[in-house]
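Everything on this sheet refers to the single structure shown next.
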Amino acid sequence: MANTNNPYTDAPQTGITRSYDFNISRGVIAPDGYEKRVLLVNDQFPGPLIEANWGDWIEVRVTNSITDDPPEGTTIHWHGFLQTGSPWMDGVPGVSQCPIPPGSSFTYRFRAELYGSSWYHSHYSAQYAGGLQGPIVIHGPRNVDYDIDLGPVMVGDWWHRDYYAVVKEVMTPGGVGLTTSDNNLINGKMNFDCSTVKEGDDAPCTDDAGLSKFSFEAGKTHRLRFINSGAEGTQRISIDEHNMTVIANDFVTIEPYETQVLTLGVGQRVDVLVYAHAEPGSAFWLRANMTSCSNTNQPLALAAIYYDGADNNSMPASTAWDVPDPGDCANDDLSVTKPYYSMSLPEPSFTHHMDIGTTTNSSGNFLWEFGGVAAHVNYNDPPLLRAGHGHAEFDPKYNVVNYGTNSSVRIVVNNPGPSPHPMHIHGMNMFVLAAGTGNYSAETTVLNTHNPMRRDVQMVVAKGFIVVQLDASRNPGAWPFHCHVTWHASAGFFSQMLFRPDLLQKPAFNIPHDVRQTCKDWARFTKTVALDQIDSGL
């Protein structure tokens, strides 16, 4: 289709602001029956739903009440939002802003330039793996009709240890950066067998904590918005005896296609339609099963789908699809994921190879490298703010890649190692030109430059590659490009793409007062409290 009413460029001016007030604090919950200390948004896990219409402004006042021992900074990243003209609202500490210090507040204001399903999460260390996350729905035009919107379905792995204890495990000298989750949750719920709790662990634990439940109406078509909000695990999602019609990947509407199993890497979203073909009174399992390339003690999460008239206290007796796990954690083939709205691909003004690697530092810490650098940010020195003041030199360990005035950048990511990685770009969608196994070869790899898939997270398989293109001209800023496996980012798998720094010095990009003030407040806080930043900071 032509670009008329293109959701990437033509968001309506609604003149409406949707306002939210978030309080971030510690709490104790037991989403699977095992009680643990977590971080919560308004005392909820998952956090409150943010809901808006395409073109609306969203304003969220975030108060950091993580003031007890130990006090922590925080920020909130609005995953998949373009932040055109407002890169300092991206919510990444040490990149686009300084952290919000304990006892302080910061108001994010940004526009819903795209529509579909997404989520928000902390980007401070690995806080979101400790509970600081929630769903977002942006309502917009439909390319396929349906009857009922069941809303967000957040699926994610779950650790019983505190998030910072897991960071310490991953960063332990002499280790190999691996950690194993304890469970898998759907919308914050799942059962757990408390008899498997290790001896000496005296945390309260209750069997049969309860599952998430959904309602189907016979003869109706339902929309489900799946979000992988986990820290490491790639999810394979299915509904027993029901096909799913995929209509969107991340914030990109696609030409519909049918499947029985979805593969979602961390940070990815897939919207599907499901026709309720069974009789009233029926019940079926919704399954989220972590793939064989994920590290977990309990890979399978269940939720129950009850048709109208069913006993919602009964357990479904449905049969799972017989679709074996291929074991590679790959997304659906690019040949079947085609954007509904075509966008022309500009000629790249620069091509950059950024290989994935590992290293061990002088302290014996296992680290991930991206483009030859194991990244580490300084919370007090965000490169976006430096660039806005005309500075072009950055500490090498920040892993800032300055693309200057390049208009469109093609990036080749080779992954020679044994782990797959969900690669996430901030501030834009990637054109995904190719994905495959082995090293990229310009002689043998065919690039799809005609209406290629666009999304903000793309899996690169173990011993494989991806080729993506970023339209740098659309959005000046300092935009993270990183693996969304939390523990990989903690260990340095992170880069910052600096696009059009010359424009960041123009009056249109004047750094807001509140952004500067937050850095001043953070500087005062860090003069009195010694930060225990043992990871990359992200």
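Ligands are numbered from 1 in the order shown, residues from 1 within each chain, and chains are lettered A, B, ... in the order they appear in the structure tokens.
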
message: Need the shell around Tyr128 (chain A): protein/DNA/RNA residues with any atom at most 12 Å away, counting only C-alpha atoms. Skip same-chain ones fewer than 2 positions apart. Format as a VMD selection string?
response: chain A and resid 24 38 to 41 45 to 47 74 to 77 119 to 126 130 to 134 156 to 159 162 to 164 229 to 232 267 484 to 487 538

Resulting file, chosen residues, N, CA and C atoms, as a compact mmCIF listing (two decimals), in the first residue's frame:
```txt
# COMPACT_ATOMS: atom_id res chain seq x y z
N ILE A 24 7.01 4.50 42.63
CA ILE A 24 7.87 3.32 42.59
C ILE A 24 8.37 3.02 43.99
N VAL A 38 10.19 -7.15 46.07
CA VAL A 38 10.18 -6.71 44.68
C VAL A 38 10.11 -5.19 44.62
N LEU A 39 10.12 -4.67 43.38
CA LEU A 39 9.85 -3.27 43.11
C LEU A 39 8.51 -3.18 42.39
N LEU A 40 7.66 -2.24 42.82
CA LEU A 40 6.29 -2.17 42.33
C LEU A 40 5.96 -0.76 41.82
N VAL A 41 5.03 -0.71 40.88
CA VAL A 41 4.46 0.55 40.42
C VAL A 41 3.07 0.67 41.04
N PHE A 45 1.83 -5.46 40.50
CA PHE A 45 2.66 -6.23 39.57
C PHE A 45 1.75 -7.13 38.75
N PRO A 46 1.82 -7.07 37.41
CA PRO A 46 2.47 -6.00 36.65
C PRO A 46 1.88 -4.63 36.99
N GLY A 47 2.58 -3.59 36.59
CA GLY A 47 2.14 -2.24 36.89
C GLY A 47 0.88 -1.86 36.15
N THR A 74 16.17 5.35 39.77
CA THR A 74 15.35 4.63 38.82
C THR A 74 15.06 5.52 37.61
N THR A 75 14.66 4.91 36.52
CA THR A 75 14.09 5.60 35.36
C THR A 75 13.06 4.65 34.75
N ILE A 76 12.20 5.18 33.89
CA ILE A 76 11.24 4.34 33.16
C ILE A 76 11.44 4.54 31.66
N HIS A 77 11.62 3.43 30.96
CA HIS A 77 11.73 3.44 29.50
C HIS A 77 10.39 3.04 28.90
N TRP A 119 5.03 -1.92 26.25
CA TRP A 119 5.19 -2.00 27.70
C TRP A 119 6.19 -0.95 28.15
N TYR A 120 6.20 -0.70 29.44
CA TYR A 120 7.20 0.18 30.05
C TYR A 120 7.96 -0.62 31.08
N HIS A 121 9.19 -0.19 31.35
CA HIS A 121 9.99 -0.90 32.34
C HIS A 121 11.14 -0.02 32.79
N SER A 122 11.65 -0.30 33.97
CA SER A 122 12.85 0.39 34.42
C SER A 122 14.01 0.03 33.51
N HIS A 123 14.91 1.00 33.31
CA HIS A 123 16.15 0.72 32.57
C HIS A 123 17.35 0.93 33.48
N TYR A 124 17.11 1.03 34.78
CA TYR A 124 18.18 1.20 35.76
C TYR A 124 18.63 -0.19 36.22
N SER A 125 19.88 -0.54 35.90
CA SER A 125 20.39 -1.88 36.20
C SER A 125 19.38 -2.91 35.69
N ALA A 126 19.08 -3.92 36.51
CA ALA A 126 18.12 -4.96 36.10
C ALA A 126 16.82 -4.85 36.89
N GLY A 130 12.97 -7.32 38.63
CA GLY A 130 12.47 -7.36 40.00
C GLY A 130 11.06 -6.84 40.13
N GLY A 131 10.35 -6.66 39.00
CA GLY A 131 8.93 -6.30 39.07
C GLY A 131 8.55 -4.97 38.48
N LEU A 132 9.52 -4.11 38.14
CA LEU A 132 9.19 -2.74 37.75
C LEU A 132 8.88 -2.70 36.25
N GLN A 133 7.65 -3.03 35.90
CA GLN A 133 7.22 -3.13 34.51
C GLN A 133 5.70 -3.10 34.43
N GLY A 134 5.18 -2.77 33.24
CA GLY A 134 3.73 -2.78 33.04
C GLY A 134 3.39 -2.62 31.57
N GLY A 156 6.53 -13.81 31.00
CA GLY A 156 7.92 -13.56 31.35
C GLY A 156 8.45 -14.50 32.41
N ASP A 157 9.75 -14.77 32.30
CA ASP A 157 10.42 -15.60 33.31
C ASP A 157 10.48 -14.86 34.64
N TRP A 158 10.71 -15.62 35.71
CA TRP A 158 10.62 -15.06 37.07
C TRP A 158 11.67 -15.70 37.96
N TRP A 159 12.40 -14.87 38.66
CA TRP A 159 13.41 -15.33 39.61
C TRP A 159 12.89 -15.16 41.03
N ASP A 162 16.18 -11.81 44.70
CA ASP A 162 16.13 -10.39 44.39
C ASP A 162 16.92 -10.12 43.12
N TYR A 163 16.46 -9.16 42.32
CA TYR A 163 17.11 -8.91 41.04
C TYR A 163 18.60 -8.61 41.21
N TYR A 164 18.94 -7.90 42.27
CA TYR A 164 20.35 -7.51 42.45
C TYR A 164 21.21 -8.71 42.83
N SER A 229 7.82 -9.83 28.53
CA SER A 229 8.37 -8.87 29.49
C SER A 229 9.39 -9.53 30.41
N GLY A 230 9.95 -10.65 29.98
CA GLY A 230 10.91 -11.38 30.80
C GLY A 230 12.29 -10.78 30.76
N ALA A 231 13.20 -11.45 31.45
CA ALA A 231 14.58 -10.99 31.53
C ALA A 231 15.50 -11.77 30.60
N GLU A 232 15.17 -13.04 30.33
CA GLU A 232 16.07 -13.86 29.50
C GLU A 232 15.34 -14.80 28.55
N GLY A 267 11.22 -8.54 25.03
CA GLY A 267 10.91 -7.21 24.53
C GLY A 267 9.99 -7.20 23.34
N HIS A 484 18.33 -7.38 24.62
CA HIS A 484 17.32 -7.16 25.66
C HIS A 484 17.30 -8.27 26.71
N VAL A 485 18.21 -9.24 26.62
CA VAL A 485 18.40 -10.15 27.76
C VAL A 485 19.02 -9.32 28.87
N THR A 486 18.31 -9.19 29.97
CA THR A 486 18.72 -8.27 31.03
C THR A 486 20.14 -8.54 31.49
N TRP A 487 20.46 -9.81 31.67
CA TRP A 487 21.77 -10.16 32.24
C TRP A 487 22.89 -9.95 31.22
N LEU A 538 22.78 -0.83 33.12
CA LEU A 538 21.56 -0.87 32.30
C LEU A 538 20.96 -2.26 32.30
```

Residue contacts of Met315 (chain A) (8 Å, only C-alpha atoms) excluding same-chain residues fewer than 2 positions away, as number ranges by chain: A: 283, 304, 312-313, 317

- request: Run DSSP on the backbone and give me the residues of region 210-352 of chain A it puts in strand (DSSP E), as a ChimeraX atom specification.
  value: /A:212-216,221-228,235-239,244-249,252-259,262-264,269-275,283-290,300-307,350-352

message: Taking only C-alpha atoms into account, name the residue in A:Leu49, A:Ile534, A:Ala435, A:Ile511 that is nearest to Ser86 (chain A).
response: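 Looking at the shortest contact to Ser86 (chain A), the residue is A:Ile511.
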
message: Can you pull out the residues contacting region 372-388 of chain A? Cut-off 6 Å, using only C-alpha atoms, and skip same-chain residues under 4 positions away; I want them as a PyMOL selection string.
response: chain A and resi 93-98+368+397-399+478+492+494+504-505+536-537

Selection above as a file: all heavy atoms, as a tab-separated table (two decimals), in the first residue's frame:
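So the final result, stored in selection-v3.tsv, reads:
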```
chain	number	residue	atom	x	y	z
A	93	PRO	N	19.02	5.69	31.96
A	93	PRO	CA	20.00	6.41	32.79
A	93	PRO	C	21.40	6.28	32.21
A	93	PRO	O	21.79	5.23	31.69
A	93	PRO	CB	19.90	5.70	34.14
A	93	PRO	CG	19.47	4.30	33.81
A	93	PRO	CD	18.55	4.45	32.62
A	94	GLY	N	22.15	7.36	32.28
A	94	GLY	CA	23.50	7.34	31.74
A	94	GLY	C	23.54	7.42	30.24
A	94	GLY	O	24.61	7.32	29.64
A	95	VAL	N	22.38	7.62	29.60
A	95	VAL	CA	22.30	7.81	28.15
A	95	VAL	C	21.51	9.07	27.84
A	95	VAL	O	22.03	10.02	27.26
A	95	VAL	CB	21.66	6.59	27.45
A	95	VAL	CG1	21.52	6.86	25.95
A	95	VAL	CG2	22.47	5.34	27.69
A	96	SER	N	20.22	9.08	28.22
A	96	SER	CA	19.35	10.20	27.90
A	96	SER	C	18.99	11.05	29.11
A	96	SER	O	18.42	12.13	28.95
A	96	SER	CB	18.07	9.70	27.23
A	96	SER	OG	17.41	8.76	28.05
A	97	GLN	N	19.28	10.57	30.30
A	97	GLN	CA	18.98	11.33	31.51
A	97	GLN	C	19.81	10.77	32.67
A	97	GLN	O	20.40	9.69	32.55
A	97	GLN	CB	17.50	11.25	31.85
A	97	GLN	CG	17.04	9.87	32.33
A	97	GLN	CD	15.63	9.86	32.90
A	97	GLN	OE1	14.72	9.35	32.27
A	97	GLN	NE2	15.45	10.40	34.09
A	98	CYS	N	19.83	11.50	33.75
A	98	CYS	CA	20.37	10.98	35.01
A	98	CYS	C	19.22	10.26	35.74
A	98	CYS	O	18.05	10.58	35.52
A	98	CYS	CB	20.91	12.10	35.88
A	98	CYS	SG	22.30	13.00	35.14
A	368	TRP	N	30.06	-9.26	28.04
A	368	TRP	CA	29.66	-9.28	26.63
A	368	TRP	C	30.19	-8.03	25.95
A	368	TRP	O	30.17	-6.93	26.53
A	368	TRP	CB	28.14	-9.32	26.50
A	368	TRP	CG	27.53	-10.63	26.88
A	368	TRP	CD1	27.01	-10.98	28.10
A	368	TRP	CD2	27.38	-11.78	26.04
A	368	TRP	NE1	26.55	-12.27	28.07
A	368	TRP	CE2	26.76	-12.79	26.82
A	368	TRP	CE3	27.70	-12.05	24.72
A	368	TRP	CZ2	26.47	-14.04	26.31
A	368	TRP	CZ3	27.41	-13.30	24.20
A	368	TRP	CH2	26.79	-14.29	24.99
A	397	LYS	N	34.35	3.52	27.12
A	397	LYS	CA	33.54	2.46	27.71
A	397	LYS	C	32.05	2.76	27.64
A	397	LYS	O	31.23	1.88	27.90
A	397	LYS	CB	33.96	2.20	29.16
A	397	LYS	CG	33.68	3.27	30.17
A	397	LYS	CD	34.05	2.79	31.58
A	397	LYS	CE	33.84	3.86	32.64
A	397	LYS	NZ	34.87	4.94	32.54
A	398	TYR	N	31.65	3.98	27.28
A	398	TYR	CA	30.24	4.28	27.06
A	398	TYR	C	29.74	3.61	25.77
A	398	TYR	O	28.53	3.49	25.58
A	398	TYR	CB	29.99	5.78	26.93
A	398	TYR	CG	30.28	6.62	28.15
A	398	TYR	CD1	30.14	8.01	28.08
A	398	TYR	CD2	30.69	6.06	29.36
A	398	TYR	CE1	30.40	8.82	29.17
A	398	TYR	CE2	30.97	6.86	30.45
A	398	TYR	CZ	30.83	8.24	30.36
A	398	TYR	OH	31.09	9.04	31.44
A	399	ASN	N	30.65	3.23	24.90
A	399	ASN	CA	30.32	2.61	23.60
A	399	ASN	C	29.36	3.48	22.78
A	399	ASN	O	28.34	3.01	22.28
A	399	ASN	CB	29.74	1.20	23.77
A	399	ASN	CG	29.96	0.33	22.53
A	399	ASN	OD1	30.72	0.69	21.63
A	399	ASN	ND2	29.28	-0.81	22.47
A	478	ALA	N	20.61	10.19	21.02
A	478	ALA	CA	21.51	9.11	21.44
A	478	ALA	C	20.62	7.91	21.74
A	478	ALA	O	19.90	7.91	22.75
A	478	ALA	CB	22.32	9.51	22.66
A	492	GLY	N	27.43	-5.75	29.80
A	492	GLY	CA	28.10	-4.91	28.82
A	492	GLY	C	27.58	-4.94	27.41
A	492	GLY	O	28.10	-4.21	26.55
A	494	PHE	N	25.77	-3.58	25.03
A	494	PHE	CA	25.03	-2.33	24.94
A	494	PHE	C	25.84	-1.35	24.11
A	494	PHE	O	27.07	-1.29	24.21
A	494	PHE	CB	24.84	-1.77	26.35
A	494	PHE	CG	23.98	-0.55	26.45
A	494	PHE	CD1	22.61	-0.67	26.61
A	494	PHE	CD2	24.52	0.71	26.38
A	494	PHE	CE1	21.80	0.45	26.69
A	494	PHE	CE2	23.73	1.84	26.46
A	494	PHE	CZ	22.36	1.71	26.62
A	504	LEU	N	21.26	18.31	17.46
A	504	LEU	CA	20.96	18.31	18.89
A	504	LEU	C	21.37	19.63	19.56
A	504	LEU	O	20.93	19.92	20.68
A	504	LEU	CB	21.66	17.15	19.59
A	504	LEU	CG	21.17	15.75	19.20
A	504	LEU	CD1	22.04	14.69	19.85
A	504	LEU	CD2	19.72	15.56	19.61
A	505	GLN	N	22.18	20.42	18.89
A	505	GLN	CA	22.61	21.71	19.44
A	505	GLN	C	21.70	22.85	19.01
A	505	GLN	O	21.90	24.00	19.42
A	505	GLN	CB	24.04	22.00	19.00
A	505	GLN	CG	25.04	20.95	19.45
A	505	GLN	CD	26.37	21.08	18.75
A	505	GLN	OE1	26.91	22.17	18.62
A	505	GLN	NE2	26.92	19.96	18.29
A	536	SER	N	26.84	-2.94	34.08
A	536	SER	CA	26.97	-1.86	33.11
A	536	SER	C	26.15	-0.64	33.51
A	536	SER	O	26.39	0.46	33.03
A	536	SER	CB	26.51	-2.34	31.73
A	536	SER	OG	25.09	-2.53	31.71
A	537	GLY	N	25.16	-0.86	34.36
A	537	GLY	CA	24.24	0.20	34.77
A	537	GLY	C	22.90	0.10	34.09
A	537	GLY	O	21.97	0.83	34.43
```

Proximity of region 279-340 of chain A to region 212-224 of chain A: per-residue shortest pair, 6 Å limit, only C-alpha atoms, as a tab-separated table:
```
residue	atom	partner	partner_atom	distance
A:Pro280	CA	A:Ala218	CA	5.8
A:Ala303	CA	A:Ser212	CA	4.9
A:Ala304	CA	A:Lys213	CA	4.9
A:Ile305	CA	A:Phe214	CA	4.7
A:Tyr306	CA	A:Ser215	CA	5.0
A:Tyr307	CA	A:Phe216	CA	4.6
A:Asp308	CA	A:Glu217	CA	5.5
```

- prompt: Which residues, written as a PyMOL selection string, have at least one atom at most 9 Å from region 255-263 of chain A, with only C-alpha atoms counted and residues fewer than 6 positions away on the same chain left out?
  reply: chain A and resi 143-144+234-248+270+272+291+321+323+329-332+336-341

Wanna dump the region 17-66 of chain A-region 179-195 of chain A contacts at 9 Å for me, each residue with its shortest atom pair and the distance in Å to one decimal, counting only C-alpha atoms, ordered by chain and number, as a Markdown table?
```
| residue | atom | partner | partner_atom | distance |
| --- | --- | --- | --- | --- |
| A:Ala30 | CA | A:Lys189 | CA | 9.0 |
| A:Pro31 | CA | A:Lys189 | CA | 5.2 |
| A:Asp32 | CA | A:Met190 | CA | 4.9 |
| A:Gly33 | CA | A:Phe192 | CA | 6.4 |
| A:Tyr34 | CA | A:Cys194 | CA | 7.5 |
| A:Phe45 | CA | A:Gly188 | CA | 6.5 |
| A:Pro46 | CA | A:Gly188 | CA | 6.1 |
```

Save the residues we just selected, C-alpha atoms, as a compact mmCIF listing (two decimals), in the first residue's frame?
```
# COMPACT_ATOMS: atom_id res chain seq x y z
CA ALA A 30 4.06 -13.95 45.89
CA PRO A 31 2.87 -14.09 42.25
CA ASP A 32 3.52 -17.84 42.04
CA GLY A 33 3.15 -18.58 45.76
CA TYR A 34 6.80 -17.92 46.66
CA PHE A 45 2.66 -6.23 39.57
CA PRO A 46 2.47 -6.00 36.65
```

- prompt: Using only C-alpha atoms, which of A:Asp532, A:Glu443, A:Glu369, A:Asp355 sits nearest Ala491 (chain A)?
  reply: A:Glu369

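The gap separating CA of Pro416 (chain A) from CA of Ile356 (chain A) is 7.1 Å, in Å to one decimal.
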
- request: Determine which residues of region 315-471 of chain A receive a DSSP assignment of helix (DSSP H, G or I), computed from the backbone, and state them as a list in words.
  value: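 The helix (DSSP H, G or I) subset of region 315-471 of chain A is Pro383, Leu384, Leu385, Arg386, Ala387, Gly388, Pro396, Lys397 and Tyr398 of chain A.
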
Only all heavy atoms, please: the residues just picked out, written as a short mmCIF file (atom, residue, chain, number, x, y, z; two decimals), in the first residue's frame.
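That gives us result_18.cif:
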```cif
data_model
loop_
_atom_site.label_atom_id
_atom_site.label_comp_id
_atom_site.auth_asym_id
_atom_site.auth_seq_id
_atom_site.Cartn_x
_atom_site.Cartn_y
_atom_site.Cartn_z
N PRO A 383 25.46 10.86 27.61
CA PRO A 383 25.97 11.39 26.35
C PRO A 383 24.99 12.28 25.59
O PRO A 383 25.41 13.21 24.90
CB PRO A 383 26.31 10.13 25.55
CG PRO A 383 26.67 9.13 26.60
CD PRO A 383 25.71 9.41 27.73
N LEU A 384 23.68 12.01 25.68
CA LEU A 384 22.71 12.86 24.99
C LEU A 384 22.83 14.30 25.46
O LEU A 384 22.80 15.24 24.66
CB LEU A 384 21.29 12.35 25.22
CG LEU A 384 20.18 13.23 24.64
CD1 LEU A 384 20.26 13.27 23.12
CD2 LEU A 384 18.80 12.76 25.09
N LEU A 385 22.99 14.49 26.76
CA LEU A 385 23.08 15.84 27.30
C LEU A 385 24.42 16.48 26.93
O LEU A 385 24.49 17.69 26.66
CB LEU A 385 22.89 15.82 28.81
CG LEU A 385 21.63 15.10 29.32
CD1 LEU A 385 21.40 15.40 30.80
CD2 LEU A 385 20.40 15.49 28.51
N ARG A 386 25.47 15.67 26.90
CA ARG A 386 26.78 16.18 26.46
C ARG A 386 26.71 16.64 25.01
O ARG A 386 27.21 17.71 24.65
CB ARG A 386 27.84 15.08 26.57
CG ARG A 386 28.48 14.94 27.92
CD ARG A 386 29.43 13.74 27.92
NE ARG A 386 30.58 13.99 28.75
CZ ARG A 386 31.70 14.55 28.35
NH1 ARG A 386 31.82 14.93 27.11
NH2 ARG A 386 32.70 14.73 29.19
N ALA A 387 26.10 15.80 24.15
CA ALA A 387 26.00 16.13 22.74
C ALA A 387 25.18 17.40 22.53
O ALA A 387 25.47 18.21 21.64
CB ALA A 387 25.38 14.98 21.97
N GLY A 388 24.17 17.59 23.35
CA GLY A 388 23.36 18.79 23.26
C GLY A 388 24.12 20.05 23.57
O GLY A 388 23.71 21.15 23.18
N PRO A 396 35.44 5.89 26.06
CA PRO A 396 35.26 4.72 25.20
C PRO A 396 34.36 3.64 25.79
O PRO A 396 33.66 2.93 25.06
CB PRO A 396 36.68 4.20 24.98
CG PRO A 396 37.55 5.40 25.17
CD PRO A 396 36.86 6.22 26.23
N LYS A 397 34.35 3.52 27.12
CA LYS A 397 33.54 2.46 27.71
C LYS A 397 32.05 2.76 27.64
O LYS A 397 31.23 1.88 27.90
CB LYS A 397 33.96 2.20 29.16
CG LYS A 397 33.68 3.27 30.17
CD LYS A 397 34.05 2.79 31.58
CE LYS A 397 33.84 3.86 32.64
NZ LYS A 397 34.87 4.94 32.54
N TYR A 398 31.65 3.98 27.28
CA TYR A 398 30.24 4.28 27.06
C TYR A 398 29.74 3.61 25.77
O TYR A 398 28.53 3.49 25.58
CB TYR A 398 29.99 5.78 26.93
CG TYR A 398 30.28 6.62 28.15
CD1 TYR A 398 30.14 8.01 28.08
CD2 TYR A 398 30.69 6.06 29.36
CE1 TYR A 398 30.40 8.82 29.17
CE2 TYR A 398 30.97 6.86 30.45
CZ TYR A 398 30.83 8.24 30.36
OH TYR A 398 31.09 9.04 31.44
#
```
